[in-house]
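Okay, so here's the structure we're looking at.
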Amino acid sequence: MLNAAEASAPRSLNQLVADAAREVPACSGAAAVFWRDGEPVAIAASHPSLSGLIETEVSSGRGPALDALRAGRPVGCPDTLDEDRWPQYADAALRQGVRCSLSLAHRSGTAAVCLSLFSARPRMLGPDSVAAAERLVAFGTALVDVAAGYGEARREQQQLHEAAESRARVDQAKGVLMYALGCSADQALERMRQVSQARNLRVTEVAARILDRGTDALEGLR
């Protein structure tokens, strides 16, 4: 799972649900959702039909996973056949052959991971299942948060790289103008800013046109 954290939040979630389905007693399937600022960002499930159950909860605004997320404690559904707290969820679960479920959530700042466990038999997900799932969901939150932070760091790195390239293009364009117009660097930059405002273009776009067209672009800049 550590390698998964370096790849992406969705891959970390996939590993989490696989581990839950394999390691939690009486669990025959699992689904996990990564939340950021109160919004679901990524979802993974050990079977496609189980992700549909989570989507039913999100669309209806009601269900054990959402209650676990709000309350910060495990929320169980002992038997979907007798469940009346979340009718839409219970109906969808029964159609998928799910007779009981257990949902847990773990928060880390503005992020949270909610893990839902499912069984085809009623009243199978008890205290032993809770203990094992709590260890997994806490570790899963840390991994997904690392993955999200890694992705954010990569985006910042890309932004810095693009900013450096933009500055380089502007400096090159300034050199073209200084040579062609016989002006200073400050005057060349001011000329590009004037064109930028007059033509509703970014300075970097003005610089790109100068570099692409060479001195021919200067006729339109005078």
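How things are named: the first chain in the structure tokens is A, the next is B, and so on; residues count from 1 in each chain; ligands count from 1 in the order shown.
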Worksheet item: Where in range 2-196 of chain A does DSSP assign strand (DSSP E), given as a ChimeraX atom specification?
Response: /A:29-36,39-45,75-77,100-108,111-119
Give the alpha helix (DSSP H) residues of range 50-209 of chain A, as assigned by DSSP on the backbone, as a JSON list (two decimals) with N, CA and C atoms, in the first residue's frame.
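The resulting file, part-v2.json, is reproduced below:
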[["chain", "number", "residue", "atom", "x", "y", "z"],
["A", 50, "LEU", "N", -21.15, -2.50, -5.92],
["A", 50, "LEU", "CA", -21.00, -1.90, -4.61],
["A", 50, "LEU", "C", -20.76, -0.40, -4.71],
["A", 51, "SER", "N", -20.07, 0.04, -5.75],
["A", 51, "SER", "CA", -19.90, 1.49, -5.94],
["A", 51, "SER", "C", -21.26, 2.12, -6.22],
["A", 52, "GLY", "N", -22.17, 1.36, -6.84],
["A", 52, "GLY", "CA", -23.52, 1.86, -7.07],
["A", 52, "GLY", "C", -24.27, 2.12, -5.78],
["A", 53, "LEU", "N", -24.00, 1.30, -4.75],
["A", 53, "LEU", "CA", -24.63, 1.53, -3.45],
["A", 53, "LEU", "C", -24.16, 2.86, -2.84],
["A", 54, "ILE", "N", -22.88, 3.14, -2.98],
["A", 54, "ILE", "CA", -22.35, 4.40, -2.46],
["A", 54, "ILE", "C", -22.96, 5.57, -3.23],
["A", 55, "GLU", "N", -23.08, 5.43, -4.53],
["A", 55, "GLU", "CA", -23.68, 6.50, -5.34],
["A", 55, "GLU", "C", -25.13, 6.72, -4.95],
["A", 56, "THR", "N", -25.85, 5.65, -4.57],
["A", 56, "THR", "CA", -27.22, 5.79, -4.09],
["A", 56, "THR", "C", -27.26, 6.63, -2.82],
["A", 57, "GLU", "N", -26.32, 6.38, -1.93],
["A", 57, "GLU", "CA", -26.25, 7.17, -0.70],
["A", 57, "GLU", "C", -25.98, 8.64, -0.98],
["A", 58, "VAL", "N", -25.00, 8.89, -1.84],
["A", 58, "VAL", "CA", -24.61, 10.27, -2.14],
["A", 58, "VAL", "C", -25.76, 11.02, -2.82],
["A", 59, "SER", "N", -26.42, 10.38, -3.77],
["A", 59, "SER", "CA", -27.50, 11.05, -4.50],
["A", 59, "SER", "C", -28.72, 11.29, -3.62],
["A", 60, "SER", "N", -29.01, 10.36, -2.70],
["A", 60, "SER", "CA", -30.17, 10.52, -1.82],
["A", 60, "SER", "C", -29.85, 11.33, -0.56],
["A", 64, "PRO", "N", -25.79, 4.60, 5.58],
["A", 64, "PRO", "CA", -24.87, 4.31, 6.68],
["A", 64, "PRO", "C", -23.50, 4.97, 6.51],
["A", 65, "ALA", "N", -23.00, 5.04, 5.29],
["A", 65, "ALA", "CA", -21.68, 5.66, 5.09],
["A", 65, "ALA", "C", -21.73, 7.15, 5.40],
["A", 66, "LEU", "N", -22.79, 7.82, 4.98],
["A", 66, "LEU", "CA", -22.92, 9.25, 5.26],
["A", 66, "LEU", "C", -23.12, 9.49, 6.75],
["A", 67, "ASP", "N", -23.88, 8.62, 7.41],
["A", 67, "ASP", "CA", -24.05, 8.77, 8.86],
["A", 67, "ASP", "C", -22.74, 8.55, 9.60],
["A", 68, "ALA", "N", -21.94, 7.59, 9.14],
["A", 68, "ALA", "CA", -20.64, 7.34, 9.76],
["A", 68, "ALA", "C", -19.72, 8.55, 9.58],
["A", 69, "LEU", "N", -19.79, 9.16, 8.41],
["A", 69, "LEU", "CA", -18.97, 10.33, 8.12],
["A", 69, "LEU", "C", -19.38, 11.50, 9.01],
["A", 70, "ARG", "N", -20.66, 11.68, 9.20],
["A", 70, "ARG", "CA", -21.15, 12.81, 10.02],
["A", 70, "ARG", "C", -20.89, 12.57, 11.51],
["A", 71, "ALA", "N", -21.15, 11.34, 11.96],
["A", 71, "ALA", "CA", -21.05, 11.04, 13.40],
["A", 71, "ALA", "C", -19.64, 10.72, 13.86],
["A", 87, "PRO", "N", -34.37, 3.92, 3.34],
["A", 87, "PRO", "CA", -35.13, 3.05, 2.43],
["A", 87, "PRO", "C", -34.52, 2.90, 1.04],
["A", 88, "GLN", "N", -33.99, 4.00, 0.48],
["A", 88, "GLN", "CA", -33.41, 3.90, -0.86],
["A", 88, "GLN", "C", -32.16, 3.02, -0.85],
["A", 89, "TYR", "N", -31.34, 3.22, 0.17],
["A", 89, "TYR", "CA", -30.13, 2.40, 0.30],
["A", 89, "TYR", "C", -30.49, 0.94, 0.49],
["A", 90, "ALA", "N", -31.46, 0.67, 1.37],
["A", 90, "ALA", "CA", -31.84, -0.71, 1.66],
["A", 90, "ALA", "C", -32.38, -1.41, 0.41],
["A", 91, "ASP", "N", -33.20, -0.70, -0.36],
["A", 91, "ASP", "CA", -33.74, -1.29, -1.59],
["A", 91, "ASP", "C", -32.62, -1.61, -2.58],
["A", 92, "ALA", "N", -31.69, -0.66, -2.74],
["A", 92, "ALA", "CA", -30.58, -0.88, -3.66],
["A", 92, "ALA", "C", -29.69, -2.03, -3.18],
["A", 93, "ALA", "N", -29.46, -2.11, -1.87],
["A", 93, "ALA", "CA", -28.63, -3.18, -1.31],
["A", 93, "ALA", "C", -29.27, -4.55, -1.53],
["A", 94, "LEU", "N", -30.55, -4.64, -1.30],
["A", 94, "LEU", "CA", -31.24, -5.93, -1.49],
["A", 94, "LEU", "C", -31.18, -6.36, -2.95],
["A", 95, "ARG", "N", -31.28, -5.42, -3.86],
["A", 95, "ARG", "CA", -31.20, -5.77, -5.29],
["A", 95, "ARG", "C", -29.82, -6.34, -5.64],
["A", 127, "PRO", "N", -18.41, -6.94, 16.14],
["A", 127, "PRO", "CA", -17.27, -6.25, 16.78],
["A", 127, "PRO", "C", -15.91, -6.63, 16.19],
["A", 128, "ASP", "N", -15.71, -7.89, 15.84],
["A", 128, "ASP", "CA", -14.43, -8.28, 15.24],
["A", 128, "ASP", "C", -14.21, -7.56, 13.91],
["A", 129, "SER", "N", -15.27, -7.40, 13.16],
["A", 129, "SER", "CA", -15.17, -6.70, 11.88],
["A", 129, "SER", "C", -14.85, -5.23, 12.10],
["A", 130, "VAL", "N", -15.44, -4.61, 13.12],
["A", 130, "VAL", "CA", -15.19, -3.20, 13.42],
["A", 130, "VAL", "C", -13.72, -2.98, 13.75],
["A", 131, "ALA", "N", -13.15, -3.82, 14.61],
["A", 131, "ALA", "CA", -11.76, -3.65, 15.03],
["A", 131, "ALA", "C", -10.81, -3.74, 13.84],
["A", 132, "ALA", "N", -11.01, -4.73, 12.99],
["A", 132, "ALA", "CA", -10.13, -4.89, 11.82],
["A", 132, "ALA", "C", -10.31, -3.75, 10.84],
["A", 133, "ALA", "N", -11.56, -3.33, 10.63],
["A", 133, "ALA", "CA", -11.83, -2.26, 9.66],
["A", 133, "ALA", "C", -11.28, -0.92, 10.14],
["A", 134, "GLU", "N", -11.34, -0.66, 11.45],
["A", 134, "GLU", "CA", -10.83, 0.61, 11.97],
["A", 134, "GLU", "C", -9.33, 0.75, 11.72],
["A", 135, "ARG", "N", -8.60, -0.34, 11.86],
["A", 135, "ARG", "CA", -7.16, -0.28, 11.58],
["A", 135, "ARG", "C", -6.92, 0.03, 10.10],
["A", 136, "LEU", "N", -7.68, -0.59, 9.24],
["A", 136, "LEU", "CA", -7.50, -0.39, 7.80],
["A", 136, "LEU", "C", -7.88, 1.02, 7.37],
["A", 137, "VAL", "N", -9.01, 1.53, 7.87],
["A", 137, "VAL", "CA", -9.47, 2.83, 7.39],
["A", 137, "VAL", "C", -8.56, 3.95, 7.90],
["A", 138, "ALA", "N", -8.01, 3.81, 9.10],
["A", 138, "ALA", "CA", -7.06, 4.82, 9.60],
["A", 138, "ALA", "C", -5.81, 4.85, 8.75],
["A", 139, "PHE", "N", -5.29, 3.68, 8.42],
["A", 139, "PHE", "CA", -4.10, 3.59, 7.57],
["A", 139, "PHE", "C", -4.43, 4.07, 6.16],
["A", 140, "GLY", "N", -5.63, 3.72, 5.69],
["A", 140, "GLY", "CA", -6.03, 4.15, 4.35],
["A", 140, "GLY", "C", -6.13, 5.65, 4.24],
["A", 141, "THR", "N", -6.63, 6.32, 5.30],
["A", 141, "THR", "CA", -6.72, 7.78, 5.28],
["A", 141, "THR", "C", -5.34, 8.40, 5.14],
["A", 142, "ALA", "N", -4.38, 7.86, 5.90],
["A", 142, "ALA", "CA", -3.01, 8.39, 5.83],
["A", 142, "ALA", "C", -2.44, 8.23, 4.43],
["A", 143, "LEU", "N", -2.66, 7.08, 3.82],
["A", 143, "LEU", "CA", -2.12, 6.83, 2.49],
["A", 143, "LEU", "C", -2.76, 7.73, 1.44],
["A", 144, "VAL", "N", -4.08, 7.86, 1.51],
["A", 144, "VAL", "CA", -4.76, 8.69, 0.52],
["A", 144, "VAL", "C", -4.37, 10.15, 0.70],
["A", 145, "ASP", "N", -4.20, 10.58, 1.95],
["A", 145, "ASP", "CA", -3.78, 11.96, 2.19],
["A", 145, "ASP", "C", -2.38, 12.20, 1.64],
["A", 146, "VAL", "N", -1.49, 11.21, 1.80],
["A", 146, "VAL", "CA", -0.15, 11.32, 1.22],
["A", 146, "VAL", "C", -0.25, 11.40, -0.31],
["A", 147, "ALA", "N", -1.11, 10.56, -0.89],
["A", 147, "ALA", "CA", -1.27, 10.56, -2.35],
["A", 147, "ALA", "C", -1.79, 11.89, -2.84],
["A", 148, "ALA", "N", -2.79, 12.44, -2.11],
["A", 148, "ALA", "CA", -3.34, 13.73, -2.51],
["A", 148, "ALA", "C", -2.29, 14.82, -2.38],
["A", 149, "GLY", "N", -1.50, 14.77, -1.29],
["A", 149, "GLY", "CA", -0.43, 15.75, -1.12],
["A", 149, "GLY", "C", 0.63, 15.62, -2.19],
["A", 150, "TYR", "N", 0.93, 14.39, -2.57],
["A", 150, "TYR", "CA", 1.90, 14.14, -3.63],
["A", 150, "TYR", "C", 1.43, 14.74, -4.94],
["A", 151, "GLY", "N", 0.12, 14.54, -5.22],
["A", 151, "GLY", "CA", -0.44, 15.10, -6.45],
["A", 151, "GLY", "C", -0.41, 16.62, -6.43],
["A", 152, "GLU", "N", -0.69, 17.22, -5.26],
["A", 152, "GLU", "CA", -0.66, 18.67, -5.14],
["A", 152, "GLU", "C", 0.76, 19.19, -5.34],
["A", 153, "ALA", "N", 1.73, 18.49, -4.78],
["A", 153, "ALA", "CA", 3.13, 18.89, -4.96],
["A", 153, "ALA", "C", 3.55, 18.83, -6.42],
["A", 154, "ARG", "N", 3.08, 17.78, -7.13],
["A", 154, "ARG", "CA", 3.39, 17.67, -8.54],
["A", 154, "ARG", "C", 2.76, 18.82, -9.34],
["A", 155, "ARG", "N", 1.53, 19.19, -8.97],
["A", 155, "ARG", "CA", 0.87, 20.31, -9.65],
["A", 155, "ARG", "C", 1.63, 21.61, -9.41],
["A", 156, "GLU", "N", 2.06, 21.82, -8.15],
["A", 156, "GLU", "CA", 2.82, 23.03, -7.85],
["A", 156, "GLU", "C", 4.14, 23.06, -8.62],
["A", 157, "GLN", "N", 4.79, 21.90, -8.71],
["A", 157, "GLN", "CA", 6.03, 21.81, -9.46],
["A", 157, "GLN", "C", 5.81, 22.16, -10.93],
["A", 158, "GLN", "N", 4.71, 21.63, -11.49],
["A", 158, "GLN", "CA", 4.39, 21.92, -12.88],
["A", 158, "GLN", "C", 4.11, 23.40, -13.08],
["A", 159, "GLN", "N", 3.40, 24.01, -12.13],
["A", 159, "GLN", "CA", 3.10, 25.43, -12.23],
["A", 159, "GLN", "C", 4.36, 26.27, -12.18],
["A", 160, "LEU", "N", 5.29, 25.89, -11.29],
["A", 160, "LEU", "CA", 6.56, 26.61, -11.21],
["A", 160, "LEU", "C", 7.35, 26.47, -12.51],
["A", 161, "HIS", "N", 7.33, 25.25, -13.08],
["A", 161, "HIS", "CA", 8.03, 25.02, -14.33],
["A", 161, "HIS", "C", 7.44, 25.87, -15.45],
["A", 162, "GLU", "N", 6.11, 25.93, -15.51],
["A", 162, "GLU", "CA", 5.45, 26.73, -16.55],
["A", 162, "GLU", "C", 5.74, 28.21, -16.35],
["A", 163, "ALA", "N", 5.76, 28.65, -15.09],
["A", 163, "ALA", "CA", 6.07, 30.06, -14.81],
["A", 163, "ALA", "C", 7.49, 30.41, -15.25],
["A", 164, "ALA", "N", 8.43, 29.49, -15.00],
["A", 164, "ALA", "CA", 9.81, 29.74, -15.41],
["A", 164, "ALA", "C", 9.92, 29.81, -16.94],
["A", 165, "GLU", "N", 9.20, 28.93, -17.64],
["A", 165, "GLU", "CA", 9.20, 28.96, -19.10],
["A", 165, "GLU", "C", 8.60, 30.26, -19.62],
["A", 166, "SER", "N", 7.55, 30.72, -18.98],
["A", 166, "SER", "CA", 6.90, 31.97, -19.39],
["A", 166, "SER", "C", 7.85, 33.14, -19.23],
["A", 167, "ARG", "N", 8.55, 33.19, -18.09],
["A", 167, "ARG", "CA", 9.52, 34.28, -17.87],
["A", 167, "ARG", "C", 10.61, 34.24, -18.92],
["A", 168, "ALA", "N", 11.04, 33.03, -19.27],
["A", 168, "ALA", "CA", 12.10, 32.91, -20.28],
["A", 168, "ALA", "C", 11.62, 33.43, -21.63],
["A", 169, "ARG", "N", 10.36, 33.12, -22.01],
["A", 169, "ARG", "CA", 9.82, 33.61, -23.28],
["A", 169, "ARG", "C", 9.71, 35.13, -23.29],
["A", 170, "VAL", "N", 9.27, 35.69, -22.16],
["A", 170, "VAL", "CA", 9.15, 37.15, -22.07],
["A", 170, "VAL", "C", 10.53, 37.80, -22.20],
["A", 171, "ASP", "N", 11.53, 37.23, -21.53],
["A", 171, "ASP", "CA", 12.88, 37.78, -21.60],
["A", 171, "ASP", "C", 13.43, 37.71, -23.04],
["A", 172, "GLN", "N", 13.15, 36.60, -23.72],
["A", 172, "GLN", "CA", 13.60, 36.47, -25.11],
["A", 172, "GLN", "C", 12.92, 37.50, -26.01],
["A", 173, "ALA", "N", 11.62, 37.69, -25.80],
["A", 173, "ALA", "CA", 10.88, 38.66, -26.61],
["A", 173, "ALA", "C", 11.37, 40.08, -26.33],
["A", 174, "LYS", "N", 11.69, 40.34, -25.07],
["A", 174, "LYS", "CA", 12.26, 41.65, -24.74],
["A", 174, "LYS", "C", 13.54, 41.90, -25.51],
["A", 175, "GLY", "N", 14.36, 40.87, -25.63],
["A", 175, "GLY", "CA", 15.61, 41.01, -26.38],
["A", 175, "GLY", "C", 15.36, 41.33, -27.85],
["A", 176, "VAL", "N", 14.33, 40.67, -28.43],
["A", 176, "VAL", "CA", 13.99, 40.95, -29.83],
["A", 176, "VAL", "C", 13.58, 42.41, -30.00],
["A", 177, "LEU", "N", 12.73, 42.91, -29.08],
["A", 177, "LEU", "CA", 12.27, 44.29, -29.17],
["A", 177, "LEU", "C", 13.41, 45.29, -28.93],
["A", 178, "MET", "N", 14.27, 44.98, -27.98],
["A", 178, "MET", "CA", 15.39, 45.88, -27.70],
["A", 178, "MET", "C", 16.27, 46.03, -28.93],
["A", 179, "TYR", "N", 16.48, 44.93, -29.64],
["A", 179, "TYR", "CA", 17.33, 44.98, -30.84],
["A", 179, "TYR", "C", 16.61, 45.71, -31.98],
["A", 180, "ALA", "N", 15.32, 45.37, -32.17],
["A", 180, "ALA", "CA", 14.60, 45.94, -33.31],
["A", 180, "ALA", "C", 14.21, 47.40, -33.10],
["A", 181, "LEU", "N", 13.85, 47.78, -31.88],
["A", 181, "LEU", "CA", 13.38, 49.14, -31.61],
["A", 181, "LEU", "C", 14.45, 50.04, -31.00],
["A", 185, "ALA", "N", 15.41, 47.43, -21.75],
["A", 185, "ALA", "CA", 14.63, 46.26, -21.35],
["A", 185, "ALA", "C", 13.30, 46.69, -20.72],
["A", 186, "ASP", "N", 13.33, 47.74, -19.89],
["A", 186, "ASP", "CA", 12.10, 48.23, -19.27],
["A", 186, "ASP", "C", 11.13, 48.77, -20.31],
["A", 187, "GLN", "N", 11.66, 49.46, -21.31],
["A", 187, "GLN", "CA", 10.81, 50.00, -22.37],
["A", 187, "GLN", "C", 10.19, 48.88, -23.21],
["A", 188, "ALA", "N", 10.98, 47.84, -23.46],
["A", 188, "ALA", "CA", 10.46, 46.70, -24.22],
["A", 188, "ALA", "C", 9.33, 46.00, -23.46],
["A", 189, "LEU", "N", 9.51, 45.83, -22.16],
["A", 189, "LEU", "CA", 8.48, 45.19, -21.35],
["A", 189, "LEU", "C", 7.23, 46.06, -21.30],
["A", 190, "GLU", "N", 7.42, 47.37, -21.16],
["A", 190, "GLU", "CA", 6.27, 48.26, -21.13],
["A", 190, "GLU", "C", 5.51, 48.23, -22.45],
["A", 191, "ARG", "N", 6.23, 48.11, -23.56],
["A", 191, "ARG", "CA", 5.58, 48.02, -24.87],
["A", 191, "ARG", "C", 4.73, 46.76, -24.96],
["A", 192, "MET", "N", 5.27, 45.65, -24.46],
["A", 192, "MET", "CA", 4.49, 44.41, -24.47],
["A", 192, "MET", "C", 3.25, 44.52, -23.58],
["A", 193, "ARG", "N", 3.38, 45.20, -22.46],
["A", 193, "ARG", "CA", 2.23, 45.39, -21.57],
["A", 193, "ARG", "C", 1.15, 46.23, -22.23],
["A", 194, "GLN", "N", 1.56, 47.25, -22.97],
["A", 194, "GLN", "CA", 0.60, 48.09, -23.67],
["A", 194, "GLN", "C", -0.18, 47.28, -24.70],
["A", 195, "VAL", "N", 0.54, 46.46, -25.45],
["A", 195, "VAL", "CA", -0.12, 45.60, -26.44],
["A", 195, "VAL", "C", -1.02, 44.59, -25.75],
["A", 196, "SER", "N", -0.57, 44.08, -24.62],
["A", 196, "SER", "CA", -1.35, 43.11, -23.87],
["A", 196, "SER", "C", -2.71, 43.69, -23.47],
["A", 197, "GLN", "N", -2.69, 44.92, -22.97],
["A", 197, "GLN", "CA", -3.93, 45.56, -22.54],
["A", 197, "GLN", "C", -4.80, 45.94, -23.72],
["A", 198, "ALA", "N", -4.18, 46.45, -24.79],
["A", 198, "ALA", "CA", -4.95, 46.91, -25.95],
["A", 198, "ALA", "C", -5.61, 45.75, -26.68],
["A", 199, "ARG", "N", -4.96, 44.60, -26.69],
["A", 199, "ARG", "CA", -5.49, 43.45, -27.45],
["A", 199, "ARG", "C", -6.06, 42.35, -26.57],
["A", 203, "VAL", "N", 0.70, 38.94, -21.38],
["A", 203, "VAL", "CA", 2.03, 39.35, -21.81],
["A", 203, "VAL", "C", 2.77, 38.15, -22.40],
["A", 204, "THR", "N", 2.57, 36.98, -21.83],
["A", 204, "THR", "CA", 3.25, 35.79, -22.35],
["A", 204, "THR", "C", 2.77, 35.46, -23.77],
["A", 205, "GLU", "N", 1.48, 35.74, -24.07],
["A", 205, "GLU", "CA", 0.97, 35.50, -25.43],
["A", 205, "GLU", "C", 1.57, 36.50, -26.41],
["A", 206, "VAL", "N", 1.72, 37.76, -25.96],
["A", 206, "VAL", "CA", 2.39, 38.76, -26.82],
["A", 206, "VAL", "C", 3.82, 38.33, -27.09],
["A", 207, "ALA", "N", 4.51, 37.85, -26.04],
["A", 207, "ALA", "CA", 5.89, 37.40, -26.21],
["A", 207, "ALA", "C", 5.97, 36.24, -27.18],
["A", 208, "ALA", "N", 5.02, 35.30, -27.08],
["A", 208, "ALA", "CA", 5.02, 34.14, -27.97],
["A", 208, "ALA", "C", 4.85, 34.56, -29.43],
["A", 209, "ARG", "N", 3.99, 35.55, -29.69],
["A", 209, "ARG", "CA", 3.79, 36.02, -31.06],
["A", 209, "ARG", "C", 5.05, 36.67, -31.61]]
Worksheet entry | Nearest-residue call for Phe118 in chain A, choices A:Pro48, A:Gly61, A:Pro40, A:Gly76, using only C-alpha atoms | A:Gly76
Worksheet item: What's the 7 Å shell around range 109-112 of chain A, counting only C-alpha atoms, without same-chain residues fewer than 6 positions away, as a list in words?
Response: Phe34, Trp35, Arg36, Asp37 and Thr141 of chain A
Output C-alpha atoms for every residue in the selection just made, as an mmCIF file, in the first residue's frame.
data_model
loop_
_atom_site.group_PDB
_atom_site.id
_atom_site.type_symbol
_atom_site.label_atom_id
_atom_site.label_comp_id
_atom_site.auth_asym_id
_atom_site.auth_seq_id
_atom_site.Cartn_x
_atom_site.Cartn_y
_atom_site.Cartn_z
ATOM 1 C CA PHE A 34 -12.171 9.711 -0.372
ATOM 2 C CA TRP A 35 -13.755 13.007 0.710
ATOM 3 C CA ARG A 36 -12.165 16.437 0.496
ATOM 4 C CA ASP A 37 -13.887 19.537 1.895
ATOM 5 C CA THR A 141 -6.716 7.776 5.278
#
Item to complete: Could you please determine the separation between CA of Pro78 in chain A and CA of Gln15 in chain A in Å, to one decimal place?
Response: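 It comes out at 25.7 Å.
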